[in-house]
>>> print(open('data_30.txt').read())   # compact mmCIF, C-alpha atoms
# COMPACT_ATOMS: atom_id res chain seq x y z
CA MET A 1 0.00 0.00 0.00
CA GLY A 2 1.06 3.60 -0.45
CA LEU A 3 -0.24 7.15 -0.31
CA LEU A 4 -1.20 9.45 -3.14
CA ALA A 5 -1.59 13.21 -3.20
CA ILE A 6 -4.41 14.06 -5.59
CA VAL A 7 -5.08 17.53 -6.94
CA TYR A 8 -8.87 17.87 -7.09
CA CYS A 9 -8.90 21.39 -8.47
CA VAL A 10 -6.34 24.03 -9.26
CA GLY A 11 -4.86 27.22 -7.86
CA LEU A 12 -3.81 30.47 -9.50
CA ILE A 13 -0.27 30.97 -10.72
CA THR A 14 1.08 34.43 -10.02
CA ASN A 15 4.72 34.02 -11.05
CA PHE A 16 6.95 31.84 -13.21
CA SER A 17 10.68 31.49 -12.79
CA ILE A 18 13.33 29.40 -14.47
CA TYR A 19 16.98 30.22 -14.78
CA GLY A 20 19.90 29.05 -16.83
CA ILE A 21 22.75 27.69 -14.77
CA PRO A 22 24.77 30.65 -13.47
CA ASN A 23 28.54 30.42 -13.51
CA LYS A 24 28.81 29.96 -9.76
CA TYR A 25 26.90 26.67 -10.02
CA SER A 26 28.69 25.20 -13.03
CA LEU A 27 31.73 23.72 -11.28
CA THR A 28 29.71 22.70 -8.23
CA LEU A 29 26.97 20.96 -10.19
CA PHE A 30 29.30 18.98 -12.41
CA LYS A 31 32.21 18.50 -10.02
CA GLY A 32 34.02 15.32 -10.96
CA TRP A 33 32.59 15.24 -14.49
CA SER A 34 35.23 17.56 -15.97
CA ILE A 35 32.89 20.12 -17.52
CA CYS A 36 32.18 23.71 -16.58
CA CYS A 37 28.86 24.27 -18.31
CA ALA A 38 25.95 22.12 -19.36
CA THR A 39 25.28 22.43 -23.05
CA GLY A 40 23.43 19.59 -24.69
CA GLY A 41 26.49 18.35 -26.57
CA GLN A 42 28.69 18.20 -23.46
CA LEU A 43 26.02 16.53 -21.41
CA ARG A 44 25.53 13.95 -24.13
CA ALA A 45 29.25 13.23 -24.38
CA ILE A 46 30.15 13.25 -20.69
CA ARG A 47 27.10 11.69 -19.12
CA GLY A 48 25.78 9.43 -21.86
CA VAL A 49 22.38 11.14 -21.96
CA ASN A 50 20.81 11.26 -25.42
CA LEU A 51 19.77 14.90 -25.62
CA LYS A 52 18.20 16.57 -28.62
CA ARG A 53 19.58 19.78 -30.04
CA ASP A 54 16.81 21.87 -28.51
CA GLU A 55 17.34 20.43 -25.01
CA GLY A 56 19.61 21.75 -22.27
CA VAL A 57 20.00 21.92 -18.50
CA SER A 58 18.60 24.72 -16.35
CA LEU A 59 17.87 25.41 -12.71
CA SER A 60 14.15 25.34 -12.05
CA VAL A 61 12.22 27.00 -9.21
CA PHE A 62 9.66 24.26 -8.53
CA SER A 63 7.29 26.48 -6.55
CA SER A 64 6.58 28.34 -9.81
CA VAL A 65 6.14 25.30 -12.05
CA CYS A 66 2.83 23.76 -13.17
CA THR A 67 2.05 20.06 -13.02
CA ILE A 68 0.35 17.99 -15.69
CA GLN A 69 -0.23 14.99 -13.42
CA PRO A 70 -3.31 14.80 -11.15
CA VAL A 71 -1.81 12.14 -8.87
CA VAL A 72 1.62 11.73 -7.28
CA GLU A 73 3.01 9.11 -4.90
CA ILE A 74 4.00 10.49 -1.50
CA ILE A 75 6.16 8.23 0.66
CA HIS A 76 8.67 6.80 -1.84
CA SER A 77 8.96 10.17 -3.61
CA LYS A 78 10.00 11.86 -0.37
CA GLU A 79 12.43 9.10 0.60
CA ARG A 80 14.00 9.07 -2.87
CA THR A 81 14.82 12.79 -2.74
CA SER A 82 15.98 13.03 0.87
CA ILE A 83 19.51 14.44 1.13
CA GLN A 84 21.52 15.90 4.01
CA MET A 85 22.75 19.07 2.29
CA LYS A 86 19.71 20.73 0.72
CA ASN A 87 21.89 23.18 -1.23
CA ASP A 88 24.30 20.55 -2.59
CA MET A 89 23.63 20.91 -6.32
CA LEU A 90 25.75 17.89 -7.21
CA GLU A 91 23.76 15.61 -4.93
CA ILE A 92 20.46 17.09 -6.14
CA ALA A 93 21.53 16.66 -9.77
CA ASN A 94 22.42 13.01 -9.14
CA ILE A 95 18.71 12.52 -8.36
CA SER A 96 17.06 14.90 -10.84
CA ILE A 97 19.30 14.30 -13.88
CA PRO A 98 21.15 11.10 -12.96
CA LYS A 99 23.87 9.49 -14.99
CA THR A 100 22.88 6.30 -16.77
CA ASN A 101 23.61 3.34 -14.49
CA GLN A 102 22.95 -0.33 -15.05
CA THR A 103 20.43 -1.60 -12.50
CA PRO A 104 20.70 -5.36 -11.78
CA LEU A 105 17.51 -7.18 -12.72
CA VAL A 106 16.21 -10.53 -11.61
CA SER A 107 14.28 -12.59 -14.16
CA SER A 108 12.36 -15.83 -14.11
CA PHE A 109 12.17 -18.28 -17.03
CA ASP A 110 8.98 -20.11 -17.90
CA ILE A 111 10.16 -23.28 -19.65
CA ILE A 112 6.62 -24.15 -20.82
CA LYS A 113 5.91 -20.75 -22.41
CA ASN A 114 9.57 -20.29 -23.39
CA ALA A 115 9.57 -16.81 -21.93
CA TYR A 116 11.64 -14.63 -19.60
CA CYS A 117 9.69 -12.50 -17.15
CA PHE A 118 11.03 -9.33 -15.50
CA SER A 119 9.19 -7.29 -12.86
CA SER A 120 9.90 -4.12 -10.92
CA PRO A 121 7.98 -1.46 -8.95
CA ASN A 122 9.86 1.06 -11.12
CA PRO A 123 7.61 2.10 -14.04
CA ASN A 124 10.72 2.76 -16.15
CA LEU A 125 11.35 -0.97 -16.58
CA LYS A 126 11.34 -1.33 -20.37
CA ILE A 127 12.53 -3.30 -23.38
CA LEU A 128 15.44 -1.05 -24.27
CA ALA A 129 16.63 -2.41 -27.61
CA PRO A 130 16.79 -5.50 -29.82
CA ILE A 131 20.03 -7.48 -29.72
CA GLN A 132 21.72 -9.52 -32.45
CA THR A 133 25.16 -11.04 -32.02
CA GLN A 134 27.63 -12.29 -34.59
CA GLU A 135 27.14 -15.77 -33.19
CA GLY A 136 23.50 -15.72 -34.32
CA MET A 137 21.89 -14.97 -30.97
CA PHE A 138 18.79 -12.75 -30.99
CA GLY A 139 16.91 -11.13 -28.14
CA PHE A 140 16.12 -7.91 -26.34
CA ALA A 141 17.93 -5.77 -23.79
CA VAL A 142 15.70 -5.21 -20.76
CA GLY A 143 16.47 -2.63 -18.09
CA ILE A 144 15.48 0.45 -16.13
CA ALA A 145 15.39 3.36 -18.56
CA ASN A 146 17.11 6.49 -17.29
CA SER A 147 14.59 9.17 -16.32
CA LEU A 148 15.50 12.86 -16.15
CA VAL A 149 13.35 15.49 -14.47
CA GLN A 150 12.19 17.68 -17.32
CA VAL A 151 10.65 21.15 -17.26
CA VAL A 152 9.23 22.57 -20.47
CA LYS A 153 8.12 26.05 -21.47
CA VAL A 154 4.86 26.53 -23.38
CA ASN A 155 3.51 30.04 -24.02
CA ASN A 156 5.54 31.55 -21.15
CA ARG A 157 4.24 28.91 -18.75
CA TYR A 158 6.46 26.19 -17.26
CA PHE A 159 5.37 22.58 -16.77
CA ILE A 160 7.00 19.53 -15.20
CA ARG A 161 6.85 17.06 -18.11
CA ASP A 162 8.76 14.17 -16.55
CA GLY A 163 9.81 13.45 -12.98
CA THR A 164 6.72 14.74 -11.18
CA HIS A 165 7.19 12.31 -8.27
CA ARG A 166 10.74 13.50 -7.68
CA ALA A 167 9.61 17.12 -7.98
CA TYR A 168 7.03 16.47 -5.26
CA GLY A 169 9.70 14.76 -3.17
CA PHE A 170 12.11 17.67 -3.50
CA LEU A 171 9.46 20.15 -2.39
CA SER A 172 8.50 17.84 0.50
CA ASN A 173 12.11 17.97 1.65
CA GLY A 174 12.35 21.75 1.39
CA ILE A 175 14.30 21.78 -1.88
CA ASN A 176 12.96 24.31 -4.39
CA LEU A 177 15.90 24.99 -6.73
CA VAL A 178 16.64 21.89 -8.82
CA PRO A 179 18.72 21.19 -11.97
CA VAL A 180 16.43 19.87 -14.70
CA LEU A 181 16.38 19.01 -18.36
CA TYR A 182 14.83 22.02 -20.11
CA ARG A 183 13.00 22.28 -23.41
CA GLU A 184 10.54 24.61 -25.14
CA PHE A 185 7.39 23.76 -27.11
CA ASN A 186 5.13 25.90 -29.29
CA SER A 187 1.91 24.44 -27.89
CA ILE A 188 0.52 22.01 -25.33
CA ASN A 189 -0.29 19.55 -28.10
CA ASP A 190 3.37 19.46 -29.14
CA MET A 191 4.26 18.02 -25.72
CA GLY A 192 2.68 14.69 -26.68
CA LEU A 193 0.84 14.15 -23.39
CA PRO A 194 -0.48 10.61 -22.76
CA GLN A 195 -3.92 9.77 -21.41
CA GLY A 196 -4.72 10.18 -17.71
CA LEU A 197 -3.22 13.65 -17.22
CA PHE A 198 -4.88 17.04 -16.84
CA PRO A 199 -6.68 18.01 -20.08
CA ALA A 200 -5.12 20.72 -22.22
CA GLU A 201 -7.92 23.21 -21.53
CA ILE A 202 -7.05 23.17 -17.82
CA LEU A 203 -3.30 23.46 -18.41
CA ILE A 204 -3.69 26.51 -20.65
CA GLY A 205 -6.51 28.06 -18.58
CA ASN A 206 -6.35 30.87 -16.05
CA LYS A 207 -5.86 28.50 -13.09
CA PRO A 208 -3.42 25.76 -14.08
CA PRO A 209 -2.43 23.16 -11.45
CA ARG A 210 0.91 23.83 -9.73
CA LEU A 211 3.37 21.52 -8.01
CA ILE A 212 2.73 23.34 -4.73
CA ASP A 213 -1.00 22.55 -5.06
CA TYR A 214 -0.18 19.00 -3.93
CA PHE A 215 0.47 20.53 -0.50
CA ASP A 216 -2.67 22.69 -0.39
CA ASP A 217 -5.48 20.92 1.50
CA SER A 218 -8.05 23.19 -0.11
CA VAL A 219 -7.30 21.85 -3.61
CA SER A 220 -5.83 18.38 -2.98
CA GLY A 221 -6.33 15.29 -0.85
CA ILE A 222 -4.61 12.05 0.21
CA ALA A 223 -5.74 8.53 -0.68
CA GLU A 224 -4.32 5.02 -0.28
CA PHE A 225 -3.42 2.87 -3.25
CA ILE A 226 -1.77 -0.44 -4.12
CA ARG A 227 1.62 0.15 -5.68
CA PRO A 228 1.59 -1.29 -9.22
CA THR A 229 4.30 -3.57 -10.58
CA LYS A 230 5.71 -3.18 -14.09
CA VAL A 231 6.16 -6.48 -15.91
CA VAL A 232 8.13 -7.18 -19.10
CA VAL A 233 7.87 -10.56 -20.84
CA VAL A 234 10.31 -11.65 -23.55
CA HIS A 235 8.69 -14.58 -25.37
CA GLY A 236 10.31 -16.94 -27.86
CA LEU A 237 7.71 -18.35 -30.28
CA GLU A 238 7.98 -21.07 -32.91
CA THR A 239 5.35 -21.39 -35.64
CA THR A 240 4.83 -22.94 -39.04
CA THR A 241 3.19 -21.20 -41.99
CA LEU A 242 1.55 -22.83 -44.97
>>> encode(input="data_30.txt", output="structure tokens")
Amino acid sequence: MGLLAIVYCVGLITNFSIYGIPNKYSLTLFKGWSICCATGGQLRAIRGVNLKRDEGVSLSVFSSVCTIQPVVEIIHSKERTSIQMKNDMLEIANISIPKTNQTPLVSSFDIIKNAYCFSSPNPNLKILAPIQTQEGMFGFAVGIANSLVQVVKVNNRYFIRDGTHRAYGFLSNGINLVPVLYREFNSINDMGLPQGLFPAEILIGNKPPRLIDYFDDSVSGIAEFIRPTKVVVVHGLETTTL
């Protein structure tokens, strides 16, 4: 079981703020990674993150950012973003824009169905890529896809596009200034939002939902839920065609 914070309605945004990384943060944020600024090309080369040309890294003020997600998990989000030094940008960045690390996975093999089964509470468990070796072996790479907290700008309004749970956790732990992946879109529709999120008319309306609304009892509430498990099955199938 777990706890969810649910935004039932929305508040009124009075201010938006997002900043590029100032010089004083550059060496601190990327200490040990041998770079002094965070352009997309350097981040891609040093950290192995596949950034697009219109993506970069900025410092985001979460109290001024909108949310597109009606529901966020409470307990794990807060534990995941708990750090001792709340102004340690390197430690914060290791959570918000982490380097790609291989996470050990445990699988089970169903000899009858000829299938491997992987499971994880992490929703980023995915089939990463097909594999073909010179020895004639075929299959799929399965792993935890790297997830970067992303803030996007649409019509002078800033939204958390990915990493909402971590954003909630940071705010729960008193951390408001966070390094994020930053990108700009021309419209809400260009963001490619999946089902289950706030509709576009609410996000572009006069009272869009904010991250800090999760903490406002007048517009949000808490409910219990059963934590879902992500499952990936890699199935080998033999068939005969006529």
>>> residues_around(input="data_30.txt", residues="range 221-233 of chain A", least_positions_apart="2", cutoff="12 Å", atoms="all atoms listed in the file", output="ChimeraX atom specification")
/A:1-9,70-76,105-110,113-128,139-144,213-219,235-236
>>> closest_residue(input="data_30.txt", among="A:Ile212, A:Ile111, A:Ala200, A:Val151", to="Val180 in chain A", atoms="all atoms listed in the file")
A:Val151
>>> closest_atom_pairs(input="data_30.txt", of="range 128-163 of chain A", to="range 77-98 of chain A", cutoff="12 Å", atoms="only C-alpha atoms", output="tab-separated table")
residue	atom	partner	partner_atom	distance
A:Ala145	CA	A:Pro98	CA	11.2
A:Asn146	CA	A:Pro98	CA	7.5
A:Ser147	CA	A:Ile97	CA	7.4
A:Leu148	CA	A:Ile97	CA	4.7
A:Val149	CA	A:Ser96	CA	5.2
A:Gln150	CA	A:Ser96	CA	8.6
A:Val151	CA	A:Ser96	CA	11.0
A:Ile160	CA	A:Ser96	CA	11.9
A:Asp162	CA	A:Ser96	CA	10.1
A:Gly163	CA	A:Ser96	CA	7.7
>>> closest_residue(input="data_30.txt", among="A:Thr103, A:Leu237, A:Pro130, A:Arg210", to="Leu171 in chain A", atoms="all atoms listed in the file")
A:Arg210
>>> atom_distance(input="data_30.txt", atom1="CA of Phe62 in chain A", atom2="CA of Gln102 in chain A")
28.7 Å
>>> atom_distance(input="data_30.txt", atom1="CA of Asp190 in chain A", atom2="CA of Ser64 in chain A")
21.5 Å
>>> atom_distance(input="data_30.txt", atom1="CA of Asn206 in chain A", atom2="CA of Pro179 in chain A")
27.2 Å
>>> residues_around(input="data_30.txt", residues="Phe198 in chain A", least_positions_apart="2", cutoff="10 Å", atoms="all atoms listed in the file", output="MDAnalysis selection string")
chainID A and resid 7 67:71 193:196 200:203 208:209
>>> closest_residue(input="data_30.txt", among="A:Val152, A:Leu211, A:Val234, A:Val57", to="Phe170 in chain A", atoms="all atoms listed in the file")
A:Leu211
>>> closest_residue(input="data_30.txt", among="A:Tyr158, A:Thr241, A:Gly192, A:Ser220", to="Cys66 in chain A", atoms="only C-alpha atoms")
A:Tyr158
>>> axis_aligned_box(input="data_30.txt", around="range 94-98 of chain A", padding_each_side="4 Å", output="lines of an AutoDock Vina configuration file")
center_x = 19.7
center_y = 13.0
center_z = -11.1
size_x = 13.4
size_y = 11.8
size_z = 13.5
>>> closest_residue(input="data_30.txt", among="A:Asn155, A:Ser187, A:Ser58, A:Ser63", to="Ser172 in chain A", atoms="only C-alpha atoms")
A:Ser63
